[in-house]
$ cat entry_14.txt   # compact mmCIF, N, CA and C atoms
# COMPACT_ATOMS: atom_id res chain seq x y z
N MET A 1031 0.82 -1.20 0.00
CA MET A 1031 0.00 0.00 0.00
C MET A 1031 0.87 1.27 0.00
N MET A 1032 1.90 1.27 0.84
CA MET A 1032 2.78 2.44 0.93
C MET A 1032 3.57 2.60 -0.37
N VAL A 1033 3.98 1.49 -0.98
CA VAL A 1033 4.72 1.55 -2.23
C VAL A 1033 3.84 2.20 -3.30
N ARG A 1034 2.58 1.84 -3.33
CA ARG A 1034 1.65 2.42 -4.30
C ARG A 1034 1.50 3.93 -4.06
N LEU A 1035 1.41 4.32 -2.80
CA LEU A 1035 1.29 5.75 -2.47
C LEU A 1035 2.52 6.52 -2.95
N VAL A 1036 3.70 5.95 -2.76
CA VAL A 1036 4.93 6.59 -3.22
C VAL A 1036 4.93 6.69 -4.74
N ARG A 1037 4.57 5.61 -5.42
CA ARG A 1037 4.51 5.62 -6.88
C ARG A 1037 3.55 6.69 -7.39
N VAL A 1038 2.37 6.74 -6.80
CA VAL A 1038 1.37 7.72 -7.22
C VAL A 1038 1.88 9.13 -6.94
N SER A 1039 2.49 9.35 -5.78
CA SER A 1039 3.02 10.67 -5.43
C SER A 1039 4.13 11.10 -6.38
N VAL A 1040 5.05 10.20 -6.68
CA VAL A 1040 6.12 10.50 -7.63
C VAL A 1040 5.53 10.77 -9.01
N GLY A 1041 4.54 9.99 -9.40
CA GLY A 1041 3.88 10.20 -10.68
C GLY A 1041 3.14 11.53 -10.74
N LEU A 1042 2.45 11.90 -9.67
CA LEU A 1042 1.74 13.18 -9.65
C LEU A 1042 2.71 14.36 -9.68
N LEU A 1043 3.83 14.24 -8.98
CA LEU A 1043 4.84 15.28 -9.04
C LEU A 1043 5.38 15.40 -10.47
N GLY A 1044 5.62 14.28 -11.11
CA GLY A 1044 6.08 14.29 -12.49
C GLY A 1044 5.06 14.90 -13.43
N LEU A 1045 3.80 14.53 -13.26
CA LEU A 1045 2.74 15.08 -14.11
C LEU A 1045 2.61 16.58 -13.90
N ALA A 1046 2.66 17.02 -12.65
CA ALA A 1046 2.58 18.45 -12.36
C ALA A 1046 3.74 19.20 -13.03
N ALA A 1047 4.94 18.63 -12.98
CA ALA A 1047 6.10 19.29 -13.60
C ALA A 1047 5.92 19.39 -15.11
N VAL A 1048 5.43 18.33 -15.73
CA VAL A 1048 5.21 18.36 -17.18
C VAL A 1048 4.16 19.39 -17.55
N VAL A 1049 3.04 19.39 -16.84
CA VAL A 1049 1.95 20.32 -17.15
C VAL A 1049 2.37 21.77 -16.91
N ILE A 1050 2.96 22.04 -15.75
CA ILE A 1050 3.36 23.42 -15.44
C ILE A 1050 4.47 23.88 -16.39
N GLY A 1051 5.43 23.00 -16.66
CA GLY A 1051 6.49 23.36 -17.61
C GLY A 1051 5.92 23.66 -18.99
N ALA A 1052 4.98 22.84 -19.44
CA ALA A 1052 4.36 23.07 -20.74
C ALA A 1052 3.57 24.38 -20.75
N MET A 1053 2.89 24.67 -19.64
CA MET A 1053 2.13 25.93 -19.55
C MET A 1053 3.07 27.13 -19.63
N ILE A 1054 4.18 27.06 -18.90
CA ILE A 1054 5.14 28.17 -18.93
C ILE A 1054 5.72 28.31 -20.34
N TYR A 1055 6.04 27.20 -20.97
CA TYR A 1055 6.64 27.24 -22.31
C TYR A 1055 5.65 27.81 -23.33
N LEU A 1056 4.41 27.36 -23.28
CA LEU A 1056 3.42 27.75 -24.29
C LEU A 1056 2.70 29.07 -23.99
N ALA A 1057 2.32 29.28 -22.74
CA ALA A 1057 1.53 30.48 -22.39
C ALA A 1057 2.38 31.58 -21.77
N GLY A 1058 3.55 31.21 -21.27
CA GLY A 1058 4.42 32.18 -20.62
C GLY A 1058 4.32 32.12 -19.11
N PRO A 1059 5.36 32.59 -18.42
CA PRO A 1059 5.39 32.51 -16.96
C PRO A 1059 4.36 33.42 -16.29
N ASP A 1060 4.13 34.59 -16.84
CA ASP A 1060 3.18 35.51 -16.20
C ASP A 1060 1.76 34.95 -16.24
N ARG A 1061 1.35 34.43 -17.39
CA ARG A 1061 -0.01 33.85 -17.49
C ARG A 1061 -0.14 32.62 -16.60
N THR A 1062 0.92 31.82 -16.54
CA THR A 1062 0.89 30.62 -15.69
C THR A 1062 0.76 31.02 -14.22
N ALA A 1063 1.58 31.98 -13.78
CA ALA A 1063 1.52 32.44 -12.39
C ALA A 1063 0.19 33.12 -12.10
N THR A 1064 -0.35 33.85 -13.07
CA THR A 1064 -1.65 34.50 -12.88
C THR A 1064 -2.74 33.46 -12.64
N LEU A 1065 -2.72 32.38 -13.41
CA LEU A 1065 -3.71 31.32 -13.23
C LEU A 1065 -3.59 30.69 -11.85
N PHE A 1066 -2.39 30.27 -11.47
CA PHE A 1066 -2.21 29.63 -10.17
C PHE A 1066 -2.44 30.62 -9.03
N GLY A 1067 -2.06 31.88 -9.23
CA GLY A 1067 -2.34 32.90 -8.23
C GLY A 1067 -3.83 33.11 -8.04
N TRP A 1068 -4.58 33.07 -9.15
CA TRP A 1068 -6.03 33.21 -9.07
C TRP A 1068 -6.63 32.04 -8.30
N ILE A 1069 -6.16 30.82 -8.57
CA ILE A 1069 -6.68 29.63 -7.88
C ILE A 1069 -6.40 29.73 -6.38
N ILE A 1070 -5.19 30.09 -6.01
CA ILE A 1070 -4.84 30.22 -4.59
C ILE A 1070 -5.60 31.39 -3.97
N GLY A 1071 -5.72 32.49 -4.69
CA GLY A 1071 -6.49 33.62 -4.19
C GLY A 1071 -7.94 33.27 -3.97
N TRP A 1072 -8.51 32.53 -4.89
CA TRP A 1072 -9.90 32.08 -4.75
C TRP A 1072 -10.05 31.18 -3.52
N ALA A 1073 -9.08 30.29 -3.31
CA ALA A 1073 -9.15 29.36 -2.18
C ALA A 1073 -8.91 30.05 -0.84
N THR A 1074 -8.08 31.08 -0.84
CA THR A 1074 -7.72 31.72 0.43
C THR A 1074 -8.45 33.04 0.67
N GLY A 1075 -9.01 33.60 -0.39
CA GLY A 1075 -9.70 34.87 -0.25
C GLY A 1075 -8.80 36.09 -0.32
N SER A 1076 -7.53 35.87 -0.66
CA SER A 1076 -6.62 37.01 -0.79
C SER A 1076 -5.75 36.83 -2.02
N PRO A 1077 -5.34 37.93 -2.65
CA PRO A 1077 -4.52 37.80 -3.86
C PRO A 1077 -3.19 37.11 -3.57
N ALA A 1078 -2.78 36.24 -4.50
CA ALA A 1078 -1.55 35.49 -4.29
C ALA A 1078 -0.44 35.89 -5.25
N TYR A 1079 -0.77 36.61 -6.32
CA TYR A 1079 0.23 36.99 -7.31
C TYR A 1079 -0.10 38.38 -7.83
N SER A 1080 0.89 39.26 -7.78
CA SER A 1080 0.65 40.64 -8.20
C SER A 1080 1.35 40.99 -9.51
N GLY A 1081 1.90 39.99 -10.19
CA GLY A 1081 2.55 40.25 -11.47
C GLY A 1081 4.06 40.37 -11.32
N GLY A 1082 4.71 40.59 -12.44
CA GLY A 1082 6.15 40.78 -12.40
C GLY A 1082 6.93 39.80 -13.25
N LEU A 1083 6.26 38.80 -13.81
CA LEU A 1083 6.97 37.83 -14.65
C LEU A 1083 6.73 38.11 -16.13
N ASP A 1084 6.38 39.35 -16.44
CA ASP A 1084 5.98 39.66 -17.81
C ASP A 1084 7.02 40.44 -18.61
N SER A 1085 8.21 40.64 -18.07
CA SER A 1085 9.23 41.32 -18.87
C SER A 1085 9.81 40.35 -19.89
N ALA A 1086 10.35 40.90 -20.97
CA ALA A 1086 10.91 40.06 -22.04
C ALA A 1086 12.04 39.17 -21.54
N ASN A 1087 12.90 39.67 -20.67
CA ASN A 1087 14.02 38.88 -20.16
C ASN A 1087 13.53 37.71 -19.31
N ILE A 1088 12.62 37.98 -18.39
CA ILE A 1088 12.10 36.92 -17.52
C ILE A 1088 11.33 35.90 -18.34
N ASP A 1089 10.49 36.37 -19.27
CA ASP A 1089 9.72 35.46 -20.11
C ASP A 1089 10.65 34.54 -20.90
N SER A 1090 11.68 35.11 -21.49
CA SER A 1090 12.64 34.32 -22.27
C SER A 1090 13.34 33.28 -21.39
N GLU A 1091 13.81 33.70 -20.24
CA GLU A 1091 14.55 32.80 -19.34
C GLU A 1091 13.65 31.68 -18.80
N MET A 1092 12.45 32.05 -18.41
CA MET A 1092 11.52 31.04 -17.85
C MET A 1092 11.08 30.02 -18.91
N ARG A 1093 10.85 30.48 -20.13
CA ARG A 1093 10.48 29.53 -21.19
C ARG A 1093 11.66 28.61 -21.51
N PHE A 1094 12.89 29.12 -21.43
CA PHE A 1094 14.07 28.29 -21.62
C PHE A 1094 14.11 27.19 -20.56
N TYR A 1095 13.98 27.56 -19.29
CA TYR A 1095 14.04 26.57 -18.21
C TYR A 1095 12.82 25.66 -18.15
N ALA A 1096 11.72 26.07 -18.74
CA ALA A 1096 10.51 25.25 -18.74
C ALA A 1096 10.75 23.91 -19.44
N VAL A 1097 11.61 23.90 -20.44
CA VAL A 1097 11.93 22.65 -21.13
C VAL A 1097 12.57 21.66 -20.15
N PHE A 1098 13.43 22.15 -19.29
CA PHE A 1098 14.06 21.28 -18.30
C PHE A 1098 13.06 20.80 -17.25
N TRP A 1099 12.11 21.63 -16.93
CA TRP A 1099 11.05 21.26 -15.97
C TRP A 1099 10.20 20.14 -16.56
N VAL A 1100 9.89 20.23 -17.86
CA VAL A 1100 9.14 19.17 -18.53
C VAL A 1100 9.95 17.87 -18.54
N ALA A 1101 11.24 17.97 -18.84
CA ALA A 1101 12.10 16.78 -18.85
C ALA A 1101 12.19 16.15 -17.46
N TYR A 1102 12.30 16.99 -16.44
CA TYR A 1102 12.32 16.52 -15.05
C TYR A 1102 11.05 15.73 -14.75
N GLY A 1103 9.92 16.29 -15.14
CA GLY A 1103 8.64 15.60 -14.92
C GLY A 1103 8.56 14.29 -15.67
N ALA A 1104 9.07 14.27 -16.91
CA ALA A 1104 9.05 13.04 -17.70
C ALA A 1104 9.88 11.95 -17.04
N ILE A 1105 11.01 12.32 -16.46
CA ILE A 1105 11.84 11.34 -15.75
C ILE A 1105 11.08 10.78 -14.56
N LEU A 1106 10.42 11.64 -13.80
CA LEU A 1106 9.64 11.15 -12.65
C LEU A 1106 8.48 10.25 -13.11
N LEU A 1107 7.81 10.63 -14.18
CA LEU A 1107 6.72 9.79 -14.69
C LEU A 1107 7.24 8.42 -15.12
N ARG A 1108 8.39 8.41 -15.76
CA ARG A 1108 8.99 7.14 -16.17
C ARG A 1108 9.32 6.28 -14.96
N GLU A 1109 9.92 6.89 -13.95
CA GLU A 1109 10.28 6.13 -12.75
C GLU A 1109 9.04 5.61 -12.03
N ALA A 1110 7.98 6.39 -12.01
CA ALA A 1110 6.76 5.97 -11.30
C ALA A 1110 6.09 4.77 -11.95
N THR A 1111 6.35 4.55 -13.24
CA THR A 1111 5.70 3.44 -13.94
C THR A 1111 6.59 2.21 -14.07
N ARG A 1112 7.82 2.29 -13.62
CA ARG A 1112 8.72 1.13 -13.69
C ARG A 1112 8.34 0.13 -12.61
N PRO A 1113 8.52 -1.16 -12.89
CA PRO A 1113 8.20 -2.17 -11.87
C PRO A 1113 8.99 -1.97 -10.57
N ALA A 1114 10.27 -1.61 -10.70
CA ALA A 1114 11.09 -1.35 -9.51
C ALA A 1114 11.63 0.08 -9.63
N LEU A 1115 11.21 0.92 -8.72
CA LEU A 1115 11.71 2.29 -8.73
C LEU A 1115 13.22 2.28 -8.50
N ARG A 1116 13.94 3.01 -9.33
CA ARG A 1116 15.39 3.11 -9.15
C ARG A 1116 15.65 4.20 -8.12
N SER A 1117 16.22 3.81 -7.01
CA SER A 1117 16.38 4.74 -5.90
C SER A 1117 17.26 5.93 -6.25
N ARG A 1118 18.33 5.72 -6.99
CA ARG A 1118 19.22 6.84 -7.31
C ARG A 1118 18.50 7.91 -8.12
N ALA A 1119 17.74 7.51 -9.11
CA ALA A 1119 17.02 8.48 -9.95
C ALA A 1119 15.97 9.22 -9.13
N VAL A 1120 15.23 8.49 -8.31
CA VAL A 1120 14.18 9.13 -7.50
C VAL A 1120 14.80 10.08 -6.48
N TYR A 1121 15.81 9.62 -5.77
CA TYR A 1121 16.46 10.49 -4.78
C TYR A 1121 17.09 11.72 -5.43
N LEU A 1122 17.71 11.54 -6.60
CA LEU A 1122 18.30 12.67 -7.30
C LEU A 1122 17.22 13.70 -7.66
N CYS A 1123 16.11 13.23 -8.21
CA CYS A 1123 15.02 14.15 -8.58
C CYS A 1123 14.47 14.87 -7.35
N LEU A 1124 14.29 14.15 -6.27
CA LEU A 1124 13.77 14.78 -5.04
C LEU A 1124 14.78 15.78 -4.47
N ALA A 1125 16.07 15.44 -4.54
CA ALA A 1125 17.10 16.37 -4.06
C ALA A 1125 17.12 17.64 -4.92
N LEU A 1126 16.98 17.49 -6.22
CA LEU A 1126 16.95 18.66 -7.10
C LEU A 1126 15.75 19.56 -6.78
N PHE A 1127 14.62 18.95 -6.53
CA PHE A 1127 13.41 19.71 -6.19
C PHE A 1127 13.62 20.47 -4.88
N PHE A 1128 14.21 19.80 -3.89
CA PHE A 1128 14.50 20.43 -2.61
C PHE A 1128 15.49 21.59 -2.77
N LEU A 1129 16.55 21.37 -3.56
CA LEU A 1129 17.53 22.44 -3.80
C LEU A 1129 16.89 23.64 -4.49
N ALA A 1130 15.94 23.40 -5.36
CA ALA A 1130 15.23 24.51 -6.01
C ALA A 1130 14.47 25.33 -4.96
N GLY A 1131 13.87 24.65 -3.99
CA GLY A 1131 13.19 25.35 -2.90
C GLY A 1131 14.17 26.18 -2.08
N LEU A 1132 15.36 25.64 -1.84
CA LEU A 1132 16.38 26.41 -1.13
C LEU A 1132 16.80 27.64 -1.93
N GLY A 1133 16.79 27.51 -3.26
CA GLY A 1133 17.08 28.66 -4.11
C GLY A 1133 16.07 29.78 -3.91
N ARG A 1134 14.81 29.42 -3.69
CA ARG A 1134 13.79 30.44 -3.42
C ARG A 1134 14.06 31.13 -2.08
N ILE A 1135 14.53 30.37 -1.10
CA ILE A 1135 14.87 30.98 0.19
C ILE A 1135 16.05 31.93 0.02
N LEU A 1136 17.05 31.52 -0.73
CA LEU A 1136 18.19 32.40 -1.01
C LEU A 1136 17.72 33.70 -1.68
N SER A 1137 16.80 33.58 -2.62
CA SER A 1137 16.25 34.76 -3.28
C SER A 1137 15.53 35.65 -2.29
N ALA A 1138 14.71 35.07 -1.42
CA ALA A 1138 13.98 35.87 -0.43
C ALA A 1138 14.94 36.57 0.52
N LEU A 1139 16.02 35.91 0.89
CA LEU A 1139 16.99 36.52 1.79
C LEU A 1139 17.78 37.65 1.13
N THR A 1140 18.02 37.53 -0.16
CA THR A 1140 18.84 38.54 -0.83
C THR A 1140 18.03 39.63 -1.51
N ILE A 1141 16.84 39.32 -2.00
CA ILE A 1141 16.03 40.28 -2.75
C ILE A 1141 14.81 40.75 -1.97
N GLY A 1142 14.23 39.86 -1.19
CA GLY A 1142 13.03 40.18 -0.42
C GLY A 1142 11.96 39.13 -0.62
N SER A 1143 10.96 39.20 0.22
CA SER A 1143 9.89 38.21 0.19
C SER A 1143 9.04 38.36 -1.07
N PRO A 1144 8.75 37.25 -1.74
CA PRO A 1144 7.93 37.31 -2.95
C PRO A 1144 6.43 37.28 -2.62
N ASP A 1145 5.62 37.28 -3.67
CA ASP A 1145 4.18 37.15 -3.51
C ASP A 1145 3.84 35.85 -2.79
N PRO A 1146 2.67 35.78 -2.16
CA PRO A 1146 2.26 34.55 -1.46
C PRO A 1146 2.32 33.29 -2.32
N LEU A 1147 2.04 33.40 -3.61
CA LEU A 1147 2.11 32.24 -4.50
C LEU A 1147 3.48 31.57 -4.40
N PHE A 1148 4.53 32.39 -4.42
CA PHE A 1148 5.88 31.84 -4.40
C PHE A 1148 6.31 31.39 -3.01
N VAL A 1149 5.73 31.98 -1.98
CA VAL A 1149 5.97 31.50 -0.61
C VAL A 1149 5.38 30.10 -0.47
N ILE A 1150 4.17 29.90 -0.99
CA ILE A 1150 3.53 28.58 -0.94
C ILE A 1150 4.36 27.58 -1.73
N LEU A 1151 4.81 27.98 -2.91
CA LEU A 1151 5.65 27.08 -3.72
C LEU A 1151 6.93 26.69 -2.98
N THR A 1152 7.51 27.63 -2.25
CA THR A 1152 8.72 27.34 -1.48
C THR A 1152 8.45 26.24 -0.46
N TRP A 1153 7.37 26.37 0.29
CA TRP A 1153 7.05 25.35 1.28
C TRP A 1153 6.81 23.99 0.63
N VAL A 1154 6.09 23.98 -0.49
CA VAL A 1154 5.85 22.72 -1.21
C VAL A 1154 7.18 22.12 -1.64
N GLU A 1155 8.08 22.95 -2.15
CA GLU A 1155 9.36 22.46 -2.66
C GLU A 1155 10.31 22.00 -1.57
N LEU A 1156 10.07 22.39 -0.35
CA LEU A 1156 10.90 21.91 0.76
C LEU A 1156 10.28 20.71 1.46
N ILE A 1157 8.98 20.74 1.68
CA ILE A 1157 8.32 19.68 2.44
C ILE A 1157 8.05 18.44 1.59
N LEU A 1158 7.52 18.62 0.37
CA LEU A 1158 7.15 17.48 -0.45
C LEU A 1158 8.32 16.55 -0.77
N PRO A 1159 9.46 17.04 -1.23
CA PRO A 1159 10.54 16.10 -1.54
C PRO A 1159 11.10 15.41 -0.28
N ALA A 1160 11.14 16.12 0.84
CA ALA A 1160 11.61 15.49 2.08
C ALA A 1160 10.65 14.38 2.51
N ALA A 1161 9.36 14.65 2.43
CA ALA A 1161 8.36 13.64 2.82
C ALA A 1161 8.39 12.45 1.86
N LEU A 1162 8.51 12.72 0.56
CA LEU A 1162 8.57 11.62 -0.41
C LEU A 1162 9.85 10.81 -0.26
N ALA A 1163 10.97 11.47 0.01
CA ALA A 1163 12.23 10.74 0.21
C ALA A 1163 12.13 9.83 1.43
N LEU A 1164 11.53 10.32 2.50
CA LEU A 1164 11.34 9.49 3.69
C LEU A 1164 10.42 8.31 3.39
N ALA A 1165 9.31 8.56 2.73
CA ALA A 1165 8.38 7.48 2.38
C ALA A 1165 9.05 6.48 1.44
N PHE A 1166 9.82 6.99 0.50
CA PHE A 1166 10.52 6.11 -0.44
C PHE A 1166 11.53 5.24 0.30
N ALA A 1167 12.26 5.85 1.23
CA ALA A 1167 13.25 5.09 2.02
C ALA A 1167 12.58 3.99 2.84
N VAL A 1168 11.44 4.30 3.42
CA VAL A 1168 10.72 3.31 4.24
C VAL A 1168 10.20 2.18 3.38
N THR A 1169 9.70 2.48 2.19
CA THR A 1169 9.10 1.45 1.35
C THR A 1169 10.13 0.61 0.60
N THR A 1170 11.34 1.11 0.45
CA THR A 1170 12.33 0.36 -0.33
C THR A 1170 13.41 -0.27 0.52
N ARG A 1171 13.37 -0.08 1.84
CA ARG A 1171 14.41 -0.72 2.66
C ARG A 1171 14.19 -2.22 2.71
N PRO A 1172 15.28 -2.95 2.76
CA PRO A 1172 15.18 -4.42 2.79
C PRO A 1172 14.47 -4.90 4.05
N ALA A 1173 13.68 -5.93 3.90
CA ALA A 1173 12.99 -6.52 5.05
C ALA A 1173 14.01 -7.23 5.93
N GLY A 1174 13.75 -7.19 7.21
CA GLY A 1174 14.69 -7.90 8.06
C GLY A 1174 14.71 -7.49 9.43
$ encode --input "entry_14.txt" --output "structure tokens"
Amino acid sequence: MMVRLVRVSVGLLGLAAVVIGAMIYLAGPDRTATLFGWIIGWATGSPAYSGGLDSANIDSEMRFYAVFWVAYGAILLREATRPALRSRAVYLCLALFFLAGLGRILSALTIGSPDPLFVILTWVELILPAALALAFAVTTRPAG
């Protein structure tokens, strides 16, 4: 049961990365953040994104990195469907996700606190990979 939960979680993370990466690539980072900000704002009753990802430089850079986000998601989707999850690939992907969250903290410390949307993303990027790595470790350790 726990193995299935880990597989589904890894697969959902992969699917989210593919979808969000494709949205950023095709619609742009500002439109993507506006959509997710609207969803979070609707759920919380307060605005979550005030704009700022619409400059030509940011749009260009984010669309460039979106391709890597899609590839990251594809790797996770592939791992989630394999009969035996390869621990190195899964741990590497989770570590990369966690490091990206730390990058957001570095940005907040050096530039300032971002909109609530990005604060929420930071927490997701720190908690989710740590929780999945722990669950993965528990489900893949040898019996004995």
$ residues_around --input "entry_14.txt" --residues "range 1109-1116 of chain A" --least-positions-apart "2" --cutoff "10 Å" --atoms "only C-alpha atoms" --output "list in words"
Val1033, Arg1034, Val1036, Arg1037, Val1038, Ser1039, Val1040, Gly1041, Leu1042, Leu1043, Gly1044, Gly1103, Ala1104, Ile1105, Leu1106, Leu1107, Arg1118, Ala1119, Val1120, Tyr1121, Phe1166 and Thr1170 of chain A
$ closest_residue --input "entry_14.txt" --among "A:Ala1046, A:Leu1158, A:Leu1151, A:Leu1124" --to "Trp1099 in chain A" --atoms "only N, CA and C atoms"
A:Ala1046
$ residues_around --input "entry_14.txt" --residues "Leu1147 in chain A" --least-positions-apart "6" --cutoff "6 Å" --atoms "all atoms listed in the file" --output "JSON, numbers by chain"
{"A": [1067, 1078, 1079]}
$ atom_distance --input "entry_14.txt" --atom1 "CA of Leu1126 in chain A" --atom2 "CA of Leu1164 in chain A"
15.2 Å
$ closest_residue --input "entry_14.txt" --among "A:Ala1101, A:Ile1069, A:Leu1139, A:Ala1063" --to "Gly1081 in chain A" --atoms "all atoms listed in the file"
A:Ala1063
$ closest_residue --input "entry_14.txt" --among "A:Phe1098, A:Trp1153, A:Phe1128, A:Phe1148" --to "Leu1083 in chain A" --atoms "only C-alpha atoms"
A:Phe1148
$ select_by_dssp --input "entry_14.txt" --residues "chain A" --states "helix (DSSP H, G or I)" --output "number ranges by chain"
A: 1032-1057, 1059-1074, 1086-1111, 1117-1140, 1146-1170
$ closest_residue --input "entry_14.txt" --among "A:Ala1165, A:Thr1152, A:Met1053, A:Ser1085" --to "Ala1138 in chain A" --atoms "only C-alpha atoms"
A:Thr1152
$ closest_residue --input "entry_14.txt" --among "A:Leu1065, A:Val1168, A:Ile1070, A:Ala1160" --to "Leu1129 in chain A" --atoms "only C-alpha atoms"
A:Ala1160
$ closest_residue --input "entry_14.txt" --among "A:Ala1125, A:Leu1132, A:Leu1035, A:Ala1096" --to "Ala1047 in chain A" --atoms "only C-alpha atoms"
A:Ala1096
$ atom_distance --input "entry_14.txt" --atom1 "CA of Tyr1055 in chain A" --atom2 "CA of Ala1086 in chain A"
13.5 Å
$ atom_distance --input "entry_14.txt" --atom1 "CA of Asp1089 in chain A" --atom2 "atom N of Pro1059 in chain A"
5.5 Å
